[in-house]
Amino acid sequence: MDDAYESVLFVARECYVYRIPPRTSAEGYRAASWGDMGQPLWRGRLRVLEKGSDVPSKCFIRLEDANTGELFALTPYQPSKSNTNGGVEAVLDSSRYFVLTVVDQESGQKAYLGMGFPERSESFDFNVALQDWSKRQTPAPLDTPAGPSPHLPKGPARDFSLKPGETLNIKIGGSSTKKKAAEGSLTGGAGLGAGGFLLPPPPPPAPRGSR
């Protein structure tokens, strides 16, 4: 029943699909080799769908008729260590074109199609939708103990409190005051800085008109 839950992560009202030549090198695909870009094999709507409410869920890129919703091609998006692009591979010479690994729903046979967007902003949003879905598939464990803050200095803790009989001079506004620790007691308390005294406030803003 979990697979019955479906949400739409991204919609492009129009995209173009191209028949592409076989890959000639391990370097990657180039859209410039796809022929006349003004004559696509198909054009229609693209939707990125998530199926399932639990983690991990499933993600699909669905190419369909913009008016009827009839399916043209479906790409399961499944990135892994051995297949990092997950079935959606960016080309080398453009930010608007990709190669999709489409899978026949009945036979399971795979084919490769070129796909492009009219606008670069759609390409960007398409990438963001896939990245956001991928991040949600590996959430951080809730029972991981919190380690020390990386902003704290390393090494053993030091005691900066005043010892009995010690004094501390604090200069405020040109004048100085002298404080002495009480015999047999240590200074401390909320609001104290690392040196055992209140941090000075930030300087007031300069009056208008002055330099």
# chains A, B, ... in the order shown; residues from 1 in each chain; ligands from 1
>>> closest_atom_pairs(of="region 18-60 of chain A", to="region 71-93 of chain A", cutoff="9 Å", atoms="only C-alpha atoms", output="JSON lines")
{"residue": "A:Glu27", "atom": "CA", "partner": "A:Leu92", "partner_atom": "CA", "distance": 8.5}
{"residue": "A:Gly28", "atom": "CA", "partner": "A:Leu92", "partner_atom": "CA", "distance": 6.5}
{"residue": "A:Tyr29", "atom": "CA", "partner": "A:Val91", "partner_atom": "CA", "distance": 5.0}
{"residue": "A:Arg30", "atom": "CA", "partner": "A:Val91", "partner_atom": "CA", "distance": 5.3}
{"residue": "A:Ala31", "atom": "CA", "partner": "A:Val91", "partner_atom": "CA", "distance": 6.4}
{"residue": "A:Ala32", "atom": "CA", "partner": "A:Asp93", "partner_atom": "CA", "distance": 7.4}
{"residue": "A:Trp42", "atom": "CA", "partner": "A:Phe72", "partner_atom": "CA", "distance": 8.8}
{"residue": "A:Gly44", "atom": "CA", "partner": "A:Phe72", "partner_atom": "CA", "distance": 8.8}
{"residue": "A:Lys58", "atom": "CA", "partner": "A:Tyr77", "partner_atom": "CA", "distance": 7.7}
{"residue": "A:Cys59", "atom": "CA", "partner": "A:Tyr77", "partner_atom": "CA", "distance": 5.3}
{"residue": "A:Phe60", "atom": "CA", "partner": "A:Pro76", "partner_atom": "CA", "distance": 4.5}
>>> residues_around(residues="Glu119 (chain A)", least_positions_apart="6", cutoff="12 Å", atoms="only C-alpha atoms", output="ChimeraX atom specification")
/A:12-16,94-97,125-126
>>> write_last_selection(atoms="all heavy atoms", output="mmCIF file, in the first residue's frame")
data_model
loop_
_atom_site.group_PDB
_atom_site.id
_atom_site.type_symbol
_atom_site.label_atom_id
_atom_site.label_comp_id
_atom_site.auth_asym_id
_atom_site.auth_seq_id
_atom_site.Cartn_x
_atom_site.Cartn_y
_atom_site.Cartn_z
ATOM 1 N N ALA A 12 7.766 19.973 -15.664
ATOM 2 C CA ALA A 12 8.144 20.839 -16.791
ATOM 3 C C ALA A 12 7.048 20.694 -17.839
ATOM 4 O O ALA A 12 6.770 19.580 -18.301
ATOM 5 C CB ALA A 12 9.493 20.432 -17.371
ATOM 6 N N ARG A 13 6.407 21.785 -18.195
ATOM 7 C CA ARG A 13 5.288 21.711 -19.129
ATOM 8 C C ARG A 13 5.715 21.231 -20.500
ATOM 9 O O ARG A 13 4.922 20.636 -21.224
ATOM 10 C CB ARG A 13 4.614 23.078 -19.239
ATOM 11 C CG ARG A 13 3.962 23.547 -17.932
ATOM 12 C CD ARG A 13 3.280 24.883 -18.112
ATOM 13 N NE ARG A 13 2.631 25.323 -16.878
ATOM 14 C CZ ARG A 13 1.957 26.454 -16.755
ATOM 15 N NH1 ARG A 13 1.850 27.281 -17.804
ATOM 16 N NH2 ARG A 13 1.405 26.776 -15.601
ATOM 17 N N GLU A 14 6.979 21.491 -20.836
ATOM 18 C CA GLU A 14 7.451 21.046 -22.143
ATOM 19 C C GLU A 14 8.912 20.646 -22.066
ATOM 20 O O GLU A 14 9.728 21.333 -21.449
ATOM 21 C CB GLU A 14 7.276 22.153 -23.188
ATOM 22 C CG GLU A 14 7.573 21.698 -24.603
ATOM 23 C CD GLU A 14 7.246 22.748 -25.653
ATOM 24 O OE1 GLU A 14 7.577 23.933 -25.419
ATOM 25 O OE2 GLU A 14 6.667 22.390 -26.682
ATOM 26 N N CYS A 15 9.214 19.529 -22.677
ATOM 27 C CA CYS A 15 10.593 19.093 -22.846
ATOM 28 C C CYS A 15 10.689 18.406 -24.198
ATOM 29 O O CYS A 15 9.676 18.077 -24.827
ATOM 30 C CB CYS A 15 11.037 18.151 -21.728
ATOM 31 S SG CYS A 15 10.272 16.515 -21.783
ATOM 32 N N TYR A 16 11.915 18.201 -24.679
ATOM 33 C CA TYR A 16 12.142 17.612 -25.995
ATOM 34 C C TYR A 16 12.922 16.317 -25.841
ATOM 35 O O TYR A 16 13.828 16.215 -25.016
ATOM 36 C CB TYR A 16 12.922 18.575 -26.886
ATOM 37 C CG TYR A 16 12.312 19.953 -26.975
ATOM 38 C CD1 TYR A 16 13.048 21.094 -26.629
ATOM 39 C CD2 TYR A 16 10.999 20.127 -27.391
ATOM 40 C CE1 TYR A 16 12.496 22.355 -26.699
ATOM 41 C CE2 TYR A 16 10.435 21.398 -27.478
ATOM 42 C CZ TYR A 16 11.180 22.507 -27.124
ATOM 43 O OH TYR A 16 10.622 23.747 -27.199
ATOM 44 N N SER A 94 26.365 21.030 -22.582
ATOM 45 C CA SER A 94 25.212 21.897 -22.348
ATOM 46 C C SER A 94 24.632 21.606 -20.977
ATOM 47 O O SER A 94 24.699 20.473 -20.490
ATOM 48 C CB SER A 94 24.138 21.677 -23.419
ATOM 49 O OG SER A 94 22.971 22.424 -23.115
ATOM 50 N N SER A 95 24.055 22.620 -20.344
ATOM 51 C CA SER A 95 23.410 22.438 -19.044
ATOM 52 C C SER A 95 21.928 22.117 -19.176
ATOM 53 O O SER A 95 21.257 21.849 -18.178
ATOM 54 C CB SER A 95 23.584 23.706 -18.193
ATOM 55 O OG SER A 95 22.954 24.806 -18.823
ATOM 56 N N ARG A 96 21.397 22.118 -20.414
ATOM 57 C CA ARG A 96 19.962 21.911 -20.607
ATOM 58 C C ARG A 96 19.609 20.515 -21.094
ATOM 59 O O ARG A 96 18.422 20.178 -21.197
ATOM 60 C CB ARG A 96 19.411 22.936 -21.610
ATOM 61 C CG ARG A 96 19.456 24.369 -21.123
ATOM 62 C CD ARG A 96 18.707 25.310 -22.031
ATOM 63 N NE ARG A 96 19.360 25.445 -23.337
ATOM 64 C CZ ARG A 96 18.760 25.200 -24.488
ATOM 65 N NH1 ARG A 96 17.514 24.785 -24.523
ATOM 66 N NH2 ARG A 96 19.413 25.376 -25.623
ATOM 67 N N TYR A 97 20.604 19.675 -21.392
ATOM 68 C CA TYR A 97 20.331 18.383 -22.005
ATOM 69 C C TYR A 97 20.866 17.235 -21.152
ATOM 70 O O TYR A 97 21.916 17.350 -20.510
ATOM 71 C CB TYR A 97 20.943 18.315 -23.406
ATOM 72 C CG TYR A 97 20.298 19.288 -24.371
ATOM 73 C CD1 TYR A 97 20.832 20.555 -24.575
ATOM 74 C CD2 TYR A 97 19.139 18.940 -25.063
ATOM 75 C CE1 TYR A 97 20.234 21.447 -25.440
ATOM 76 C CE2 TYR A 97 18.534 19.828 -25.935
ATOM 77 C CZ TYR A 97 19.088 21.082 -26.118
ATOM 78 O OH TYR A 97 18.486 21.969 -26.978
ATOM 79 N N ASP A 125 16.000 23.448 -11.861
ATOM 80 C CA ASP A 125 14.980 22.948 -10.937
ATOM 81 C C ASP A 125 14.853 21.433 -11.023
ATOM 82 O O ASP A 125 14.577 20.773 -10.015
ATOM 83 C CB ASP A 125 13.632 23.601 -11.253
ATOM 84 C CG ASP A 125 13.626 25.094 -10.947
ATOM 85 O OD1 ASP A 125 14.493 25.544 -10.180
ATOM 86 O OD2 ASP A 125 12.762 25.808 -11.498
ATOM 87 N N PHE A 126 15.046 20.872 -12.198
ATOM 88 C CA PHE A 126 15.022 19.429 -12.387
ATOM 89 C C PHE A 126 16.147 18.769 -11.573
ATOM 90 O O PHE A 126 15.925 17.790 -10.855
ATOM 91 C CB PHE A 126 15.174 19.132 -13.879
ATOM 92 C CG PHE A 126 15.315 17.676 -14.229
ATOM 93 C CD1 PHE A 126 14.260 16.797 -14.062
ATOM 94 C CD2 PHE A 126 16.507 17.194 -14.765
ATOM 95 C CE1 PHE A 126 14.384 15.452 -14.405
ATOM 96 C CE2 PHE A 126 16.640 15.858 -15.117
ATOM 97 C CZ PHE A 126 15.576 14.982 -14.924
#
>>> atom_distance(atom1="CA of Glu122 (chain A)", atom2="CA of Leu63 (chain A)")
14.8 Å
